[in-house]
Amino acid sequence: MPGVYRVDLLTRQVSAPDVDWTYAEPTEMLSPRTTENSIQELGESSGAYIIRIPFGPKDKYIPKEMIWPHIPEFVDCALSHIRQMSKVLGEQIGGGEPVWPVAIHGHYADAGDSAALLSGALNVPMLFTGHSLGRDKLEQLLKQGRQSREEINTTYKIMRRIEAEELSLDASEVVITSTRQEIEEQWRLYDGFDPILERKLRARIRRGVSCHGRFMPRMVVIPPGMEFHHIVPHDGDMDGDVERNEENSTSPDPPIWSEIMRFFSNPRKPMILALARPDPKKNLTTLVKAFGECRPLRELANLTLIMGNRDSIDEMSGANASVLLSILKLIDKYDLYGQVAYPKHHKQYEVPDIYRLAAKTKGVFINPAFIEPFGLTLIEAAAYGLPIVATKNGGPVDIHRVLDNGLLVDPHDQQSIADALLKLVSDKHLWARCRQNGLKNIHLFSWPEHCKTYLSRIVMCKPRQPRWQSSDVGFENLETNSPGDSLRDIQDLSLNLKFSLDGEKSEGTGTGALDNSFDIDDSVDRKSNLEKADLKFSKGVIGSLMEKAGQHFGGGRFPALRMRKYIFVIAVDCDSVSDIPKVIRTIMDAAGKENPIGFILSTSLSVSEVHSILITGSISPLDFDAFICNSGGDVYYPSLSSEDGLGLPFIVDSDYQSHIEYRWGGEGLRKTLVRWATSVNDKNGQTVEENESRSTTHCYAFRVKDAEQVPTVKELRKFMRVQALRCHVIYCQNGTTLNVIPVLASRAQALRYLYIRWGLELSNVITFVGECGDTDYEGLLGGVHKTVILKGIGNDALKLHSNRSYPLEHVLPFNSPNIVQAKGCCNEDVRASLQNIGVIKE
């Protein structure tokens, strides 16, 4: 499409003997239908590509249900690809500045989960298409009654899938569906989407009224595109030209025609065509009954059932075999021999020939399913000039509204099906009009039309990009940490760590700004407070650092993250805060001095609490390169200065604060949380209270006096989503603290931010965790970084995870070679683990 320079489709690379070799190709270019000259004009890296990312088991295909532990690894590898491409495109078309994606689109639950993390790590708008939704599948499986909820969860990891879809709702600006039915009957099952609340919020936005920190993704119906370039619709006389053209053709009839025609005693009669697998939901038995019991219809038409491929009914699945046997019995009951075709085999490439045969006989295509999510076969049939009869439940309603090429029926009403079919095959004028309408309107389902609508929705998203992209220049080739390098580092910080007033202004106008205006609701007070705090914080720090540029200072260490051979991330959630200094000292001592190692402390504690524990352990903040505080709600760097008026030797990364601002509910969220705490206390006494001393602009903290009396993290997530509050809720310190941070923030995401921001190599990151931890624990283990689990630490936190939506073992990659266990938390045990992963020598 004009205006689209490049599209990368990211998927899993599979190198397995039982899988086609093409799935192992790391890059595949999709050739555009254009001339070689125009490709050269666009640029060498333009076009569309399939990028296959290696993650998970290297030598085998694994089903989607088993992919969840490996999602973080995919995200990290995808980030690496995106970061590299941003540099390449920047050199080619960006004037040296990185060119970031304009949008990230996740398809299906696992990709939605991945896209949410990528969107958060890059601060890029996200779109999502569910295709098949977990809650709907769960309901269908429960209705079948063959498995309990627990068995379904074990087999399909269905609750993890549903949580991924909920997270996709939290993070997406636009959710694309194929039909209105998908929105009203499937997405409404989710905590994070309510059609009525969505309409109310939309109305408030139009009136310029505050939404009090509530956000809802925009649901947009965009039917799938189709290829029509190989189909040449016939515009001649509807009554005869088709037959004459076919009869005068010198080419032989396709083999599938004779395969079908052999069933009929009178093959020239109009053909009623159904193309569906013999699944009970497809309702084929009702169709056969309708045909068998309507004598006028039997006299006028034949019935063709294309029900997949089979060698033997005995080899079919139970449900499909049962349907097929029922159909054969009905054929026998109504003596439909010579009037119904049900071939055993057909090739996929023969499907167009089947449509053409039905059109040649002036037939009708029917989809009688009880419910049809979309109905792609209806569009295919229309493209070949076939009028349609379709179920009134689901996607066919939207298709019929556009094409106006047939009749809709109640799939439970056998007589209604028979009447509609009889009307179309007996009324030649109606048949011709439906055929003509279908051919006239079919272009609305073409790929160009789909893409135009799709791109218009992307344009309406509020543009978001990494905000420091101009600051990376000058740090690509740093080899040493000389005073000159440090001076440049400080100048970089003075430009990029101070608050950007312009960056907070609303971008976009017109409909786009209207559709996304709730992204800046309740932001005025928050912005003002942030400006005051940050200017106060940075005034003394930046000035002091500039004055001390010739000395050894913390500021010059920020970009040094990219020059470390290894980065040790201490993310151990100790059973007691007082144990943290000992753990830090043990890990630092075990690291030794043989390698240039950097340290990052990743914790649920506030920066003032971090300062206190460092003082307690006689540890200097300058021993660290960065601090991820408040469960990932804030990122700080060490500084020699305490002239900022706060008395703390840290500087806040304001770029990170703006980076995670997306859908942060601010004061509206805080008020809701306070009301929630009051309601809990009304029921259970003084159980939870706001902790203002620990709270920051992007982390609302609460003290929990009795962990048994507060809702579980699963229930609290549901409460937030039902309220349309998009945030990340984390129980910390064995359930004694609750942190509420932006939905795209976390300790794991803060680490990815540092990767994008400063270029540290994630494969050289070693994360230290306990056996368990805060309720964000699962995010710390996966990915390309290496993990050392310190046995005997964090076991008390297991109770926090006892009532989750899904068990931890469904998502933790314990069989990963990147994860090792230290027998304990002494120097020898930690060094032995580091030796196992090759970080230090014996």
# chains A, B, ... in the order shown; residues from 1 in each chain; ligands from 1

$ residues_around --residues "region 307-314 of chain A" --least-positions-apart "5" --cutoff "10 Å" --atoms "only C-alpha atoms" --output "list in words"
Ala274, Leu275, Ala276, Arg277, Pro278, Asp279, Leu284, Asn320, Ala321, Ser322, Leu324, Leu325, Tyr342, Pro343, Lys344, His345, His346, Lys347 and Gln348 of chain A

$ residues_around --residues "region 253-264 of chain A" --least-positions-apart "2" --cutoff "6 Å" --atoms "only C-alpha atoms" --output "ChimeraX atom specification"
/A:266-267,338-339,341

$ write_last_selection --atoms "N, CA, C and O atoms" --output "short mmCIF file (atom, residue, chain, number, x, y, z; two decimals), in the first residue's frame"
data_model
loop_
_atom_site.label_atom_id
_atom_site.label_comp_id
_atom_site.auth_asym_id
_atom_site.auth_seq_id
_atom_site.Cartn_x
_atom_site.Cartn_y
_atom_site.Cartn_z
N ASN A 266 -29.83 -36.26 -12.42
CA ASN A 266 -30.04 -35.13 -13.34
C ASN A 266 -29.06 -34.02 -12.95
O ASN A 266 -29.39 -33.12 -12.17
N PRO A 267 -27.83 -34.04 -13.49
CA PRO A 267 -26.79 -33.09 -13.05
C PRO A 267 -27.01 -31.66 -13.52
O PRO A 267 -26.27 -30.77 -13.10
N GLY A 338 -29.16 -40.02 -5.90
CA GLY A 338 -29.26 -39.34 -7.20
C GLY A 338 -29.52 -37.87 -7.06
O GLY A 338 -29.53 -37.13 -8.05
N GLN A 339 -29.72 -37.39 -5.81
CA GLN A 339 -30.01 -35.97 -5.58
C GLN A 339 -29.03 -35.30 -4.62
O GLN A 339 -29.02 -34.08 -4.51
N ALA A 341 -24.89 -35.19 -3.36
CA ALA A 341 -23.49 -35.58 -3.57
C ALA A 341 -22.70 -35.35 -2.28
O ALA A 341 -22.88 -34.32 -1.62
#

$ residues_around --residues "region 405-420 of chain A" --least-positions-apart "5" --cutoff "6 Å" --atoms "only C-alpha atoms" --output "list in words"
Ala290, Pro368, Phe370, Pro387, Ile388, Val389, Ala390, Thr391, Lys392, Cys434, Asn437 and Gly438 of chain A

$ select_by_dssp --residues "region 291-380 of chain A" --states "strand (DSSP E)" --output "VMD selection string"
chain A and resid 302 to 306 340 to 341 364 to 367

$ residues_around --residues "His131 (chain A)" --least-positions-apart "4" --cutoff "8 Å" --atoms "only C-alpha atoms" --output "list in words"
His107, Tyr108 and Thr177 of chain A

$ write_last_selection --atoms "C-alpha atoms" --output "CSV table (one decimal), in the first residue's frame"
chain,number,residue,atom,x,y,z
A,107,HIS,CA,-2.8,-11.9,16.3
A,108,TYR,CA,-4.2,-14.6,18.7
A,177,THR,CA,-12.8,-7.9,14.9

$ residues_around --residues "Val713 (chain A)" --least-positions-apart "3" --cutoff "8 Å" --atoms "only C-alpha atoms" --output "MDAnalysis selection string"
chainID A and resid 716:717 729:731 775 800 803:804

$ closest_residue --among "A:Gln186, A:Gln686, A:Asn827, A:Thr22" --to "Val583 (chain A)" --atoms "only C-alpha atoms"
A:Asn827

$ atom_distance --atom1 "CA of Gly794 (chain A)" --atom2 "CA of Ile613 (chain A)"
18.0 Å

$ closest_atom_pairs --of "region 631-686 of chain A" --to "region 214-234 of chain A" --cutoff "10 Å" --atoms "only C-alpha atoms" --output "Markdown table"
| residue | atom | partner | partner_atom | distance |
| --- | --- | --- | --- | --- |
| A:Arg663 | CA | A:Phe215 | CA | 6.7 |
| A:Trp664 | CA | A:Arg214 | CA | 8.8 |
| A:Gly665 | CA | A:Arg214 | CA | 6.5 |
| A:Gly666 | CA | A:Arg214 | CA | 9.8 |
| A:Gly668 | CA | A:Arg214 | CA | 7.9 |
| A:Leu669 | CA | A:Arg214 | CA | 7.9 |

$ select_by_dssp --residues "region 136-258 of chain A" --states "alpha helix (DSSP H)" --output "PyMOL selection string"
chain A and resi 136-144+149-156+158-171+180-181+195-207+241-248+255-258

$ closest_residue --among "A:Cys825, A:Val674, A:Ala745, A:Met159" --to "Ala116 (chain A)" --atoms "only C-alpha atoms"
A:Ala745

$ closest_residue --among "A:Leu424, A:Val610, A:Val209, A:Val830" --to "Ala301 (chain A)" --atoms "only C-alpha atoms"
A:Leu424

$ closest_residue --among "A:Pro448, A:Pro280, A:Pro711, A:Pro596" --to "Val323 (chain A)" --atoms "only C-alpha atoms"
A:Pro280

$ residues_around --residues "Ile399 (chain A)" --least-positions-apart "5" --cutoff "9 Å" --atoms "only C-alpha atoms" --output "PyMOL selection string"
chain A and resi 179+223+374-375+378-379+404

$ write_last_selection --atoms "N, CA and C atoms" --output "mmCIF file, in the first residue's frame"
data_model
loop_
_atom_site.group_PDB
_atom_site.id
_atom_site.type_symbol
_atom_site.label_atom_id
_atom_site.label_comp_id
_atom_site.auth_asym_id
_atom_site.auth_seq_id
_atom_site.Cartn_x
_atom_site.Cartn_y
_atom_site.Cartn_z
ATOM 1 N N THR A 179 -16.473 -9.219 12.908
ATOM 2 C CA THR A 179 -17.915 -8.988 12.910
ATOM 3 C C THR A 179 -18.337 -8.274 14.190
ATOM 4 N N PRO A 223 -13.585 -6.607 8.205
ATOM 5 C CA PRO A 223 -13.625 -7.982 7.697
ATOM 6 C C PRO A 223 -12.286 -8.367 7.086
ATOM 7 N N PHE A 374 -17.481 -15.624 11.423
ATOM 8 C CA PHE A 374 -17.345 -14.706 10.289
ATOM 9 C C PHE A 374 -18.083 -15.247 9.070
ATOM 10 N N GLY A 375 -17.519 -16.198 8.357
ATOM 11 C CA GLY A 375 -18.179 -16.749 7.177
ATOM 12 C C GLY A 375 -17.433 -16.448 5.898
ATOM 13 N N LEU A 378 -18.784 -17.558 2.520
ATOM 14 C CA LEU A 378 -19.861 -16.760 1.915
ATOM 15 C C LEU A 378 -19.287 -15.730 0.955
ATOM 16 N N ILE A 379 -18.170 -15.127 1.326
ATOM 17 C CA ILE A 379 -17.517 -14.144 0.454
ATOM 18 C C ILE A 379 -16.926 -14.842 -0.763
ATOM 19 N N ASP A 404 -25.654 -7.829 0.135
ATOM 20 C CA ASP A 404 -27.079 -7.885 -0.240
ATOM 21 C C ASP A 404 -27.288 -8.893 -1.364
#

$ closest_residue --among "A:Ala78, A:Glu182, A:Cys574, A:Arg562" --to "Arg757 (chain A)" --atoms "only C-alpha atoms"
A:Arg562

$ residues_around --residues "Lys333 (chain A)" --least-positions-apart "3" --cutoff "12 Å" --atoms "only C-alpha atoms" --output "list in words"
Val288, Lys289, Gly292, Glu293, Ser326, Ile327, Leu328, Lys329, Leu330, Leu336 and Tyr337 of chain A

$ closest_residue --among "A:Asn681, A:Ser695, A:Thr453, A:Thr616" --to "Gln709 (chain A)" --atoms "only C-alpha atoms"
A:Asn681
